[in-house]
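entry-v4.cif, holding mmCIF, C-alpha atoms and all ligand atoms:
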```cif
data_start
loop_
_atom_site.label_atom_id
_atom_site.label_comp_id
_atom_site.auth_asym_id
_atom_site.auth_seq_id
_atom_site.Cartn_x
_atom_site.Cartn_y
_atom_site.Cartn_z
CA MET N 25 0.56 -11.19 -23.56
CA VAL N 26 -1.07 -11.63 -20.13
CA PRO N 27 1.40 -10.60 -17.41
CA THR N 28 2.50 -13.28 -14.92
CA PRO N 29 0.68 -13.15 -11.55
CA ILE N 30 2.70 -11.62 -8.74
CA THR N 31 2.70 -12.86 -5.14
CA VAL N 32 3.76 -10.58 -2.31
CA ARG N 33 4.38 -11.50 1.34
CA VAL N 34 3.64 -8.76 3.86
CA PRO N 35 4.07 -8.66 7.65
CA ALA N 36 1.94 -7.84 10.68
CA LYS N 37 3.08 -5.09 13.04
CA VAL N 38 3.24 -4.47 16.74
CA ASN N 39 3.60 -0.99 18.25
CA LEU N 40 6.45 -1.18 20.78
CA HIS N 41 5.59 2.35 21.85
CA LEU N 42 2.40 4.24 21.03
CA SER N 43 1.86 7.77 22.32
CA VAL N 44 -1.48 9.29 21.35
CA GLY N 45 -1.66 13.08 21.43
CA ASP N 46 -4.52 15.43 20.71
CA THR N 47 -7.19 15.04 18.06
CA ARG N 48 -6.37 17.04 14.94
CA ALA N 49 -8.74 19.09 12.82
CA ASP N 50 -9.08 16.14 10.38
CA GLY N 51 -10.27 13.85 13.20
CA TYR N 52 -7.05 11.81 13.45
CA HIS N 53 -4.91 11.76 16.57
CA GLU N 54 -1.33 12.95 16.54
CA LEU N 55 0.91 9.93 17.18
CA ALA N 56 4.47 9.08 18.09
CA THR N 57 4.89 5.36 17.65
CA VAL N 58 7.61 2.77 17.21
CA PHE N 59 6.49 -0.01 14.87
CA GLN N 60 8.10 -3.41 14.52
CA ALA N 61 7.24 -5.82 11.69
CA LEU N 62 6.65 -9.41 12.85
CA SER N 63 6.95 -12.81 11.18
CA MET N 64 3.17 -13.28 10.90
CA VAL N 65 2.33 -12.67 7.27
CA ASP N 66 -0.37 -12.44 4.66
CA GLU N 67 0.32 -13.47 1.07
CA VAL N 68 -1.37 -11.49 -1.66
CA THR N 69 -1.42 -12.46 -5.34
CA VAL N 70 -2.44 -9.96 -8.02
CA ARG N 71 -3.26 -11.14 -11.52
CA SER N 72 -4.87 -9.64 -14.61
CA ALA N 73 -8.38 -10.98 -15.10
CA GLU N 74 -11.43 -10.31 -17.22
CA ASP N 75 -13.47 -9.31 -14.16
CA SER N 76 -12.06 -7.63 -11.07
CA GLY N 77 -12.57 -9.33 -7.73
CA ILE N 78 -11.14 -10.35 -4.39
CA ASP N 79 -10.96 -13.77 -2.80
CA VAL N 80 -9.83 -14.30 0.78
CA HIS N 81 -8.61 -17.51 2.40
CA GLY N 82 -7.06 -18.56 5.70
CA GLU N 83 -7.86 -17.81 9.30
CA GLY N 84 -10.70 -15.34 9.83
CA ALA N 85 -11.34 -15.07 6.07
CA GLY N 86 -15.09 -15.28 6.62
CA SER N 87 -15.16 -11.88 8.34
CA VAL N 88 -13.18 -10.06 5.64
CA PRO N 89 -15.17 -8.21 2.96
CA THR N 90 -14.55 -9.30 -0.65
CA GLY N 91 -16.04 -6.18 -2.24
CA PRO N 92 -15.31 -2.45 -2.08
CA GLY N 93 -14.96 -2.65 1.73
CA ASN N 94 -11.68 -4.53 1.37
CA LEU N 95 -8.65 -2.27 1.70
CA ALA N 96 -6.95 -4.19 -1.13
CA TRP N 97 -9.83 -3.21 -3.44
CA LYS N 98 -9.31 0.41 -2.47
CA ALA N 99 -5.61 0.01 -3.18
CA VAL N 100 -6.37 -1.13 -6.75
CA ARG N 101 -8.65 1.88 -7.32
CA VAL N 102 -6.36 4.46 -5.78
CA LEU N 103 -3.28 3.25 -7.65
CA ALA N 104 -5.19 3.03 -10.96
CA GLU N 105 -6.40 6.58 -10.52
CA ARG N 106 -2.90 7.75 -9.63
CA CYS N 107 -1.50 6.40 -12.90
CA GLY N 108 -4.51 7.14 -15.09
CA ARG N 109 -5.46 3.51 -15.71
CA ASP N 110 -8.87 1.93 -15.95
CA PRO N 111 -8.82 -0.65 -13.12
CA ASP N 112 -11.42 -2.79 -14.93
CA ALA N 113 -9.91 -3.01 -18.41
CA PRO N 114 -8.39 -5.44 -17.89
CA GLY N 115 -9.53 -6.15 -14.35
CA VAL N 116 -7.44 -7.34 -11.41
CA GLN N 117 -8.08 -10.40 -9.29
CA VAL N 118 -6.58 -10.09 -5.81
CA SER N 119 -6.19 -13.33 -3.82
CA ILE N 120 -5.44 -12.86 -0.12
CA HIS N 121 -4.19 -15.60 2.16
CA LYS N 122 -4.60 -14.41 5.75
CA GLY N 123 -1.99 -15.29 8.35
CA ILE N 124 -2.44 -11.98 10.21
CA PRO N 125 -5.37 -11.97 12.65
CA VAL N 126 -8.38 -10.02 11.40
CA ALA N 127 -9.30 -6.91 13.43
CA GLY N 128 -6.56 -7.79 15.91
CA GLY N 129 -4.58 -4.54 16.03
CA MET N 130 -1.80 -5.99 13.87
CA ALA N 131 -2.64 -4.03 10.71
CA GLY N 132 -3.83 -6.98 8.60
CA GLY N 133 -5.99 -4.96 6.21
CA SER N 134 -3.24 -2.35 5.90
CA ALA N 135 -0.77 -5.13 5.06
CA ASP N 136 -3.01 -6.35 2.24
CA ALA N 137 -3.36 -2.84 0.85
CA ALA N 138 0.43 -2.41 0.94
CA ALA N 139 0.99 -5.79 -0.74
CA THR N 140 -1.53 -4.93 -3.44
CA LEU N 141 0.23 -1.64 -4.23
CA PHE N 142 3.58 -3.37 -4.26
CA GLY N 143 2.33 -6.19 -6.49
CA LEU N 144 0.48 -3.94 -8.95
CA ASN N 145 3.54 -1.73 -9.30
CA ALA N 146 5.22 -4.79 -10.83
CA LEU N 147 2.18 -6.31 -12.60
CA TRP N 148 1.41 -3.02 -14.37
CA ARG N 149 5.13 -2.23 -14.83
CA LEU N 150 4.63 1.21 -13.29
CA GLU N 151 8.14 1.58 -11.83
CA ILE N 152 6.86 3.86 -9.09
CA GLY N 153 9.64 4.54 -6.57
CA ARG N 154 9.33 3.77 -2.87
CA ASN N 155 8.60 7.36 -1.76
CA GLU N 156 5.75 7.80 -4.19
CA LEU N 157 4.37 4.37 -3.32
CA ALA N 158 4.50 5.35 0.37
CA ASP N 159 2.47 8.49 -0.49
CA VAL N 160 -0.21 6.38 -2.14
CA ALA N 161 -0.09 4.00 0.84
CA ALA N 162 -0.74 6.86 3.27
CA GLN N 163 -3.90 7.76 1.35
CA LEU N 164 -5.24 4.28 2.17
CA GLY N 165 -4.55 4.26 5.92
CA SER N 166 -2.14 5.37 8.61
CA ASP N 167 -0.54 1.90 9.01
CA VAL N 168 -0.17 1.14 5.28
CA PRO N 169 3.22 2.85 4.69
CA PHE N 170 4.80 0.84 7.50
CA ALA N 171 3.59 -2.45 5.99
CA LEU N 172 5.48 -1.50 2.82
CA GLN N 173 8.61 -0.54 4.70
CA GLY N 174 8.81 -3.12 7.51
CA GLY N 175 11.75 -3.45 9.90
CA THR N 176 11.52 -1.17 12.92
CA ALA N 177 10.48 2.45 12.40
CA LEU N 178 9.41 5.61 14.19
CA GLY N 179 6.03 6.84 12.96
CA THR N 180 4.77 10.39 13.48
CA GLY N 181 1.91 12.51 12.14
CA ARG N 182 -1.04 10.13 12.16
CA GLY N 183 1.50 7.28 12.05
CA GLU N 184 2.24 7.49 8.33
CA ARG N 185 5.46 9.54 8.43
CA LEU N 186 8.26 7.03 8.93
CA VAL N 187 11.92 7.04 9.83
CA PRO N 188 13.74 3.67 10.03
CA VAL N 189 15.11 2.77 13.47
CA LEU N 190 18.23 0.74 14.10
CA ALA N 191 17.33 -2.49 15.91
CA ARG N 192 20.31 -4.71 16.65
CA HIS N 193 18.59 -7.84 17.76
CA THR N 194 15.98 -10.34 16.72
CA TYR N 195 13.23 -10.09 19.31
CA HIS N 196 11.12 -13.08 20.26
CA TRP N 197 7.41 -12.58 20.76
CA VAL N 198 4.42 -14.56 21.90
CA ILE N 199 1.18 -13.32 20.40
CA ALA N 200 -2.12 -14.02 22.16
CA LEU N 201 -5.19 -13.76 19.92
CA ASP N 202 -8.59 -12.92 21.36
CA GLN N 203 -11.94 -14.50 20.46
CA HIS N 204 -13.33 -11.43 18.70
CA GLY N 205 -11.76 -8.43 16.99
CA LEU N 206 -12.05 -4.74 17.82
CA GLU N 207 -12.61 -1.89 15.36
CA THR N 208 -9.87 0.75 15.50
CA PRO N 209 -12.19 3.83 15.46
CA ASP N 210 -14.09 2.40 18.47
CA VAL N 211 -10.85 2.14 20.44
CA TYR N 212 -9.76 5.72 19.65
CA ARG N 213 -13.27 6.89 20.57
CA GLU N 214 -13.03 5.06 23.90
CA LEU N 215 -9.67 6.71 24.60
CA ASP N 216 -11.25 10.12 23.93
CA ARG N 217 -14.04 9.23 26.34
CA LEU N 218 -11.61 8.13 29.06
CA ARG N 219 -9.59 11.30 28.58
CA ARG N 220 -12.56 13.68 28.64
CA GLY N 221 -11.78 16.55 30.98
CA SER N 222 -8.07 15.80 31.01
CA THR N 223 -5.78 18.37 29.42
CA ASN N 224 -2.56 16.44 29.56
CA ASN N 225 -2.36 14.53 26.29
CA GLY N 226 1.39 15.03 25.95
CA MET N 227 3.40 12.64 23.83
CA GLY N 228 5.76 10.29 25.67
CA ASN N 229 9.47 10.49 24.92
CA VAL N 230 10.58 7.81 22.43
CA GLU N 231 14.34 8.41 22.91
CA PRO N 232 14.85 5.78 25.65
CA MET N 233 13.20 3.20 23.45
CA LEU N 234 15.39 4.09 20.46
CA GLU N 235 18.43 3.65 22.72
CA ALA N 236 17.15 0.29 24.00
CA LEU N 237 16.63 -0.89 20.42
CA ALA N 238 20.15 0.18 19.49
CA SER N 239 21.56 -1.71 22.49
CA GLY N 240 19.72 -4.89 21.47
CA ASP N 241 18.96 -6.01 25.05
CA PRO N 242 15.38 -7.35 25.21
CA ARG N 243 15.25 -6.74 28.98
CA GLU N 244 15.85 -3.02 28.41
CA LEU N 245 13.24 -2.95 25.68
CA ALA N 246 10.74 -4.80 27.87
CA LEU N 247 10.86 -2.06 30.50
CA LEU N 248 9.82 0.51 27.90
CA LEU N 249 6.96 -1.20 26.04
CA GLY N 250 3.90 1.03 26.26
CA ASN N 251 0.68 1.81 24.45
CA ASP N 252 -1.66 4.73 25.24
CA LEU N 253 -4.51 2.84 23.55
CA GLN N 254 -4.15 -0.02 26.02
CA ALA N 255 -6.36 1.63 28.65
CA ALA N 256 -9.12 2.06 26.06
CA THR N 257 -8.77 -1.49 24.74
CA VAL N 258 -8.86 -2.95 28.24
CA SER N 259 -11.85 -0.75 29.09
CA LEU N 260 -13.70 -2.29 26.10
CA ARG N 261 -12.37 -5.82 26.82
CA PRO N 262 -11.70 -6.08 30.58
CA GLY N 263 -10.71 -9.76 30.24
CA LEU N 264 -7.45 -8.62 28.61
CA ARG N 265 -6.11 -7.70 32.04
CA ARG N 266 -6.05 -11.41 32.83
CA THR N 267 -4.36 -12.22 29.51
CA LEU N 268 -1.66 -9.60 30.09
CA ARG N 269 -1.01 -10.93 33.60
CA ALA N 270 -0.96 -14.56 32.42
CA GLY N 271 1.75 -13.85 29.82
CA VAL N 272 4.06 -12.33 32.41
CA ASP N 273 3.26 -15.12 34.89
CA ALA N 274 4.21 -17.59 32.16
CA GLY N 275 7.68 -16.03 31.97
CA ALA N 276 7.49 -13.22 29.38
CA LEU N 277 9.60 -10.13 30.10
CA ALA N 278 6.58 -7.86 29.48
CA GLY N 279 3.30 -7.72 27.65
CA VAL N 280 1.48 -4.99 25.75
CA VAL N 281 -1.74 -4.67 23.77
CA SER N 282 -0.85 -4.55 20.07
CA GLY N 283 -2.07 -1.24 18.58
CA SER N 284 -5.83 -1.01 19.00
CA GLY N 285 -5.96 -4.63 20.20
CA PRO N 286 -7.34 -6.96 21.31
CA THR N 287 -4.23 -9.02 20.42
CA CYS N 288 -1.60 -8.99 23.19
CA ALA N 289 2.12 -9.23 22.41
CA PHE N 290 4.61 -10.62 24.93
CA LEU N 291 8.32 -9.96 24.61
CA CYS N 292 10.48 -12.92 25.65
CA GLU N 293 14.14 -13.27 26.49
CA SER N 294 14.96 -15.88 23.80
CA ALA N 295 13.45 -18.20 21.22
CA ASP N 296 13.36 -21.05 23.76
CA SER N 297 11.70 -18.87 26.35
CA ALA N 298 9.05 -17.83 23.77
CA VAL N 299 8.19 -21.47 23.09
CA ARG N 300 7.83 -22.12 26.84
CA VAL N 301 5.72 -19.01 27.39
CA ALA N 302 3.50 -19.89 24.42
CA ALA N 303 2.90 -23.40 25.75
CA GLU N 304 2.03 -22.18 29.23
CA LEU N 305 -0.14 -19.32 28.00
CA SER N 306 -2.13 -21.54 25.68
CA GLY N 307 -2.90 -23.79 28.63
CA ALA N 308 -4.05 -20.86 30.78
CA GLY N 309 -7.38 -20.50 29.00
CA VAL N 310 -7.13 -16.72 28.64
CA CYS N 311 -7.10 -16.41 24.84
CA ARG N 312 -8.31 -18.08 21.65
CA THR N 313 -4.91 -19.10 20.41
CA VAL N 314 -1.23 -18.33 20.78
CA ARG N 315 1.52 -17.85 18.19
CA VAL N 316 5.27 -17.37 18.35
CA ALA N 317 6.81 -14.65 16.16
CA GLN N 318 10.08 -12.81 15.60
CA GLY N 319 10.81 -9.25 14.65
CA PRO N 320 11.95 -7.21 12.94
CA VAL N 321 11.24 -8.68 9.50
CA HIS N 322 11.02 -7.11 6.05
CA GLY N 323 8.14 -5.13 4.70
CA ALA N 324 6.25 -6.15 1.54
CA ARG N 325 8.39 -8.26 -0.78
CA PHE N 326 8.00 -10.75 -3.59
CA VAL N 327 7.65 -14.37 -2.60
CA GLY N 328 10.92 -16.03 -3.48
CA ASP N 329 12.96 -12.84 -3.18
CA ASP N 330 15.39 -13.61 -0.35
CA ARG N 331 17.74 -10.69 -0.75
CA ALA N 332 17.94 -9.30 2.75
CA ASP N 333 18.72 -5.71 1.85
CA ARG N 334 15.87 -4.98 -0.55
CA PRO N 335 12.65 -4.51 1.39
CA THR N 336 10.99 -2.23 -1.19
CA PRO N 337 12.87 -2.24 -4.50
CA PRO N 338 11.50 0.37 -6.92
CA THR N 339 11.86 -1.85 -10.01
CA PRO N 340 11.67 -5.37 -8.65
CA PRO N 341 12.10 -8.62 -10.53
CA GLN N 342 8.87 -10.44 -11.31
CA VAL N 343 8.43 -13.61 -9.33
CA HIS N 344 5.87 -16.13 -10.43
CA ALA N 345 2.99 -17.08 -8.17
C1 LIG K 1 -3.83 1.85 16.13
C2 LIG K 1 -2.83 1.86 15.01
O1 LIG K 1 -2.82 0.58 14.37
C3 LIG K 1 -1.44 2.09 15.57
O2 LIG K 1 -0.44 1.91 14.61
C4 LIG K 1 -3.15 2.93 13.99
O3 LIG K 1 -3.20 4.20 14.61
C5 LIG K 1 -4.44 2.69 13.20
O4 LIG K 1 -4.10 2.80 11.87
P1 LIG K 1 -5.13 2.42 10.69
O5 LIG K 1 -5.91 1.21 11.07
O6 LIG K 1 -4.33 2.41 9.42
O7 LIG K 1 -6.10 3.64 10.78
P2 LIG K 1 -6.77 4.54 9.63
O8 LIG K 1 -7.41 3.64 8.64
O9 LIG K 1 -5.81 5.56 9.17
O10 LIG K 1 -7.88 5.25 10.50
C6 LIG K 1 -8.98 4.52 11.04
C7 LIG K 1 -9.57 5.32 12.16
O11 LIG K 1 -8.72 5.24 13.33
C8 LIG K 1 -8.68 6.48 13.99
N1 LIG K 1 -7.30 7.02 13.99
C9 LIG K 1 -6.32 6.40 13.25
C10 LIG K 1 -5.03 6.89 13.27
C11 LIG K 1 -4.76 8.06 14.03
N2 LIG K 1 -3.54 8.58 14.06
N3 LIG K 1 -5.74 8.65 14.73
C12 LIG K 1 -7.01 8.14 14.73
O12 LIG K 1 -7.89 8.69 15.39
C13 LIG K 1 -9.67 7.38 13.29
O13 LIG K 1 -10.91 7.18 13.93
C14 LIG K 1 -9.71 6.79 11.88
O14 LIG K 1 -10.91 7.06 11.21
N1 LIG K 2 -7.81 -7.10 3.55
C1 LIG K 2 -8.42 -7.06 4.74
N2 LIG K 2 -8.03 -7.91 5.73
C2 LIG K 2 -8.65 -7.85 6.94
N3 LIG K 2 -9.66 -7.04 7.23
C3 LIG K 2 -10.07 -6.17 6.31
C4 LIG K 2 -9.45 -6.15 5.03
N4 LIG K 2 -10.03 -5.18 4.32
C5 LIG K 2 -10.97 -4.64 5.09
N5 LIG K 2 -11.03 -5.23 6.28
C6 LIG K 2 -11.95 -4.84 7.38
O1 LIG K 2 -11.22 -4.00 8.23
C7 LIG K 2 -11.49 -4.28 9.60
C8 LIG K 2 -10.16 -4.19 10.37
O2 LIG K 2 -9.38 -5.28 9.95
P1 LIG K 2 -7.82 -5.36 10.20
O3 LIG K 2 -7.47 -6.81 10.21
O4 LIG K 2 -7.08 -4.49 9.26
O5 LIG K 2 -7.76 -4.75 11.65
P2 LIG K 2 -6.57 -4.29 12.53
O6 LIG K 2 -5.43 -5.24 12.32
O7 LIG K 2 -7.10 -4.13 13.90
O8 LIG K 2 -6.17 -2.87 11.92
P3 LIG K 2 -5.07 -1.82 12.49
O9 LIG K 2 -4.11 -2.57 13.35
O10 LIG K 2 -4.44 -1.30 11.22
O11 LIG K 2 -5.87 -0.79 13.19
C9 LIG K 2 -12.10 -5.67 9.66
O12 LIG K 2 -13.22 -5.64 10.47
C10 LIG K 2 -12.45 -6.02 8.22
O13 LIG K 2 -13.84 -6.11 8.03
#
```
What would the structure in this file look like if it were written as structure tokens?
Amino acid sequence: MVPTPITVRVPAKVNLHLSVGDTRADGYHELATVFQALSMVDEVTVRSAEDSGIDVHGEGAGSVPTGPGNLAWKAVRVLAERCGRDPDAPGVQVSIHKGIPVAGGMAGGSADAAATLFGLNALWRLEIGRNELADVAAQLGSDVPFALQGGTALGTGRGERLVPVLARHTYHWVIALDQHGLETPDVYRELDRLRRGSTNNGMGNVEPMLEALASGDPRELALLLGNDLQAATVSLRPGLRRTLRAGVDAGALAGVVSGSGPTCAFLCESADSAVRVAAELSGAGVCRTVRVAQGPVHGARFVGDDRADRPTPPTPPQVHA
């Protein structure tokens, strides 16, 4: 019997804090980061098919590869290898509906890889537990484990080692999308260039941010938003200075470049304030488009599964596409 297709919803992320340390021997930078999952999502459906393939729909779909360059494709291969399966007999069709901006610093490709792992775990009835799935996720990219986990989390190592963080509040965000994306390696390379000759690549202290998150006051959190990659992103895209200023002028508590950018995220005092800021920012002519989002939200989960306390169940129910 052909298994029922599985659809998984998976969130974007913003880095509330991103400290970038030294480059390691493997070429990655040591990180200390606080991730938050936001209510901008991709939906990924995995189904058994004669021939394997990927189709991509939604905003920015035209710039997403549908072959081996797609992180979801890699996820199929890596998981198949892990469990000794032939990924092409039968094949897997992966359908991606993009709601997360492409190459925007919000981990869209990572989200699709995480959703594919999560979906295949059910489609192939593998019953892989969350820790092992997170290990496979880390093989695919530094941001992939967080897309599985969601919520708010502290990431260390190259960003893949996660500890959940208590966040007492729903935070309201305005997200400003830029005209064109940026490639993450280019942004890290630019940071290395800007830092050349400097010896002080110490990691910022995340404790104050963890306390602000526990208190739940967005004004406290706003004072602590920070991203070491921001200088590099702004150096590559100087117009972002204007975007960041415009968000604060429109009434946001603070703004920060999301990860490697060029998307900017603005923290607002309330849902109403976010709507006002979004309206004013979209009229300011400093970005392609503006969205309103909330965080934290769940990591990868089945569409239709509303149980709030089960972000990554090891043996989930199958939900039909
Ligand atoms: C900017 C962030 O989104 C912040 O969460 C991440 O650090 C990037 O995570 P990602 O896109 O999953 O990145 P990966 O696919 O693991 O790595 C892509 C490239 O980014 C750079 N990279 C990434 C993570 C890291 N800790 N140090 C790095 O230098 C490396 O050039 C690497 O080759
Ligand atoms: N499933 C996918 N969705 C989007 N882009 C993908 C996907 N698979 C591969 N890519 C490629 O990866 C590049 C980065 O896309 P992505 O949307 O993941 O960027 P990002 O959000 O900036 O990543 P991150 O925040 O994790 O650094 C794109 O240029 C695209 O060609």
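The smallest atom-to-atom distance between N:Leu253 and any of N:His53, N:Arg48, N:Arg220, N:Arg269, using only C-alpha atoms, is found for N:His53.
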- prompt: Which residues form the shell of 9 Å around ligand LIG 2 (chain K) when you count all atoms listed in the file, given as an MDAnalysis selection string?
  reply: chainID N and resid 36:38 66 80 84:85 87:98 120 122 124:137 165:168 205:209 282:287
Enclose all atoms of ligand LIG 1 (chain K) listed in the file in an axis-aligned box, grow every side by 8 Å, and hand back centre and edge lengths in Å to one decimal, as JSON.
```
{"center_x": -5.7, "center_y": 4.6, "center_z": 12.4, "size_x": 26.5, "size_y": 24.1, "size_z": 23.5}
```
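Proximity to N:Thr267 was assessed for N:Gly226, N:Gly175, N:Gly307, N:Gly221 counting only C-alpha atoms; the smallest distance is recorded for N:Gly307.
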Distance criterion (only C-alpha atoms and all ligand atoms): nearest to ligand LIG 1 (chain K) out of N:Gly86, N:Pro111, N:Gly250, N:Pro29: N:Gly250
message: Taking all atoms listed in the file into account, name the residue in N:Ala177, N:Ala200, N:Val65, N:Met25 that is nearest to ligand LIG 1 (chain K).
response: N:Ala177
query: Hey, which of N:Glu214, N:Asp273, N:Glu231, N:Glu67 ends up closest to ligand LIG 1 (chain K)? Count only C-alpha atoms and all ligand atoms.
result: N:Glu214
For stretch 191-290 of chain N versus stretch 297-305 of chain N, which residues have an atom no more than 10 Å away, and what is each residue's nearest atom pair and distance in Å rounded to one decimal, using only C-alpha atoms, chain-then-number order, as a tab-separated table?
```
residue	atom	partner	partner_atom	distance
N:Tyr195	CA	N:Ala298	CA	9.9
N:His196	CA	N:Ala298	CA	6.3
N:Trp197	CA	N:Ala298	CA	6.3
N:Val198	CA	N:Ala302	CA	6.0
N:Ile199	CA	N:Ala302	CA	8.0
N:Ala200	CA	N:Leu305	CA	8.1
N:Thr267	CA	N:Leu305	CA	8.4
N:Ala270	CA	N:Leu305	CA	6.5
N:Gly271	CA	N:Leu305	CA	6.1
N:Val272	CA	N:Val301	CA	8.5
N:Asp273	CA	N:Leu305	CA	8.8
N:Ala274	CA	N:Val301	CA	5.2
N:Gly275	CA	N:Val301	CA	5.8
N:Ala276	CA	N:Val301	CA	6.4
N:Leu277	CA	N:Ser297	CA	9.7
N:Phe290	CA	N:Ala298	CA	8.5
```
Need the shell around N:Thr140: protein/DNA/RNA residues with any atom at most 9 Å away, counting only C-alpha atoms. Skip same-chain ones fewer than 6 positions apart. Format as a compact mmCIF listing (two decimals) with C-alpha atoms, keeping the file's coordinate frame?
```
# COMPACT_ATOMS: atom_id res chain seq x y z
CA VAL N 32 3.76 -10.58 -2.31
CA VAL N 68 -1.37 -11.49 -1.66
CA THR N 69 -1.42 -12.46 -5.34
CA VAL N 70 -2.44 -9.96 -8.02
CA ALA N 96 -6.95 -4.19 -1.13
CA TRP N 97 -9.83 -3.21 -3.44
CA ALA N 99 -5.61 0.01 -3.18
CA VAL N 100 -6.37 -1.13 -6.75
CA VAL N 118 -6.58 -10.09 -5.81
```
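Closest to ligand LIG 1 (chain K) among N:Leu291, N:Val26, N:Val211, N:Leu248 is N:Val211, based on only C-alpha atoms and all ligand atoms.
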message: Show me, as a PyMOL selection string, the residues that have an atom within 12 Å of N:Thr223 when counting only C-alpha atoms, minus same-chain residues fewer than 5 positions from it.
response: chain N and resi 45-47+216+218
Could you save the residues just selected, with C-alpha atoms, as a PDB file, in the coordinates of the input?
```pdb
ATOM      1  CA  GLY N  45      -1.660  13.080  21.430  1.00  0.00           C
ATOM      2  CA  ASP N  46      -4.520  15.430  20.710  1.00  0.00           C
ATOM      3  CA  THR N  47      -7.190  15.040  18.060  1.00  0.00           C
ATOM      4  CA  ASP N 216     -11.250  10.120  23.930  1.00  0.00           C
ATOM      5  CA  LEU N 218     -11.610   8.130  29.060  1.00  0.00           C
TER       6      LEU N 218
END
```
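Within 12 Å of the point (-5.7, -6.5, 32.3), counting all atoms listed in the file, the protein and nucleic acid residues come to Gln254, Ala255, Ala256, Thr257, Val258, Ser259, Leu260, Arg261, Pro262, Gly263, Leu264, Arg265, Arg266, Thr267, Leu268, Arg269, Ala270, Gly271, Val272, Gly279, Val280, Val281, Pro286, Cys288 and Val310 of chain N.
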Convert the current residue selection to file output with C-alpha atoms, as a PDB file, keeping the file's coordinate frame.
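Generated output (again_27.pdb):
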```
ATOM      1  CA  GLN N 254      -4.150  -0.020  26.020  1.00  0.00           C
ATOM      2  CA  ALA N 255      -6.360   1.630  28.650  1.00  0.00           C
ATOM      3  CA  ALA N 256      -9.120   2.060  26.060  1.00  0.00           C
ATOM      4  CA  THR N 257      -8.770  -1.490  24.740  1.00  0.00           C
ATOM      5  CA  VAL N 258      -8.860  -2.950  28.240  1.00  0.00           C
ATOM      6  CA  SER N 259     -11.850  -0.750  29.090  1.00  0.00           C
ATOM      7  CA  LEU N 260     -13.700  -2.290  26.100  1.00  0.00           C
ATOM      8  CA  ARG N 261     -12.370  -5.820  26.820  1.00  0.00           C
ATOM      9  CA  PRO N 262     -11.700  -6.080  30.580  1.00  0.00           C
ATOM     10  CA  GLY N 263     -10.710  -9.760  30.240  1.00  0.00           C
ATOM     11  CA  LEU N 264      -7.450  -8.620  28.610  1.00  0.00           C
ATOM     12  CA  ARG N 265      -6.110  -7.700  32.040  1.00  0.00           C
ATOM     13  CA  ARG N 266      -6.050 -11.410  32.830  1.00  0.00           C
ATOM     14  CA  THR N 267      -4.360 -12.220  29.510  1.00  0.00           C
ATOM     15  CA  LEU N 268      -1.660  -9.600  30.090  1.00  0.00           C
ATOM     16  CA  ARG N 269      -1.010 -10.930  33.600  1.00  0.00           C
ATOM     17  CA  ALA N 270      -0.960 -14.560  32.420  1.00  0.00           C
ATOM     18  CA  GLY N 271       1.750 -13.850  29.820  1.00  0.00           C
ATOM     19  CA  VAL N 272       4.060 -12.330  32.410  1.00  0.00           C
ATOM     20  CA  GLY N 279       3.300  -7.720  27.650  1.00  0.00           C
ATOM     21  CA  VAL N 280       1.480  -4.990  25.750  1.00  0.00           C
ATOM     22  CA  VAL N 281      -1.740  -4.670  23.770  1.00  0.00           C
ATOM     23  CA  PRO N 286      -7.340  -6.960  21.310  1.00  0.00           C
ATOM     24  CA  CYS N 288      -1.600  -8.990  23.190  1.00  0.00           C
ATOM     25  CA  VAL N 310      -7.130 -16.720  28.640  1.00  0.00           C
TER      26      VAL N 310
END
```
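Across the model, the gap from atom CA of N:Phe170 to atom C4 of ligand LIG 1 (chain K) is 10.5 Å.
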query: Can you tell me, as a list in words, which residues sit within 9 Å of (5.7, -6.9, 14.3) in the file's frame, using all atoms listed in the file?
result: Pro35, Ala36, Lys37, Val38, Asn39, Leu40, Phe59, Gln60, Ala61, Leu62, Ser63, Met64, Met130, Gly174, Gly175, Thr176, Trp197, Ala317, Gln318, Gly319, Pro320 and Val321 of chain N
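Put simply, atom CA of N:Asp75 is 13.3 Å away from atom CA of N:Ser119.
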- prompt: Do you know which residues are at most 7 Å from N:Val44 counting only C-alpha atoms, after dropping those on the same chain fewer than 5 positions away, and could you put them as a ChimeraX atom specification?
  reply: /N:53-56,227,252
task: Work out how far atom CA of N:Ser294 is from atom CA of N:Pro232, in Å to one decimal.
output: 21.7 Å
Selection near N:Ser72, 9 Å with only C-alpha atoms, sequence-local residues under 6 positions removed, as a PyMOL selection string: chain N and resi 26-29+114-118+147
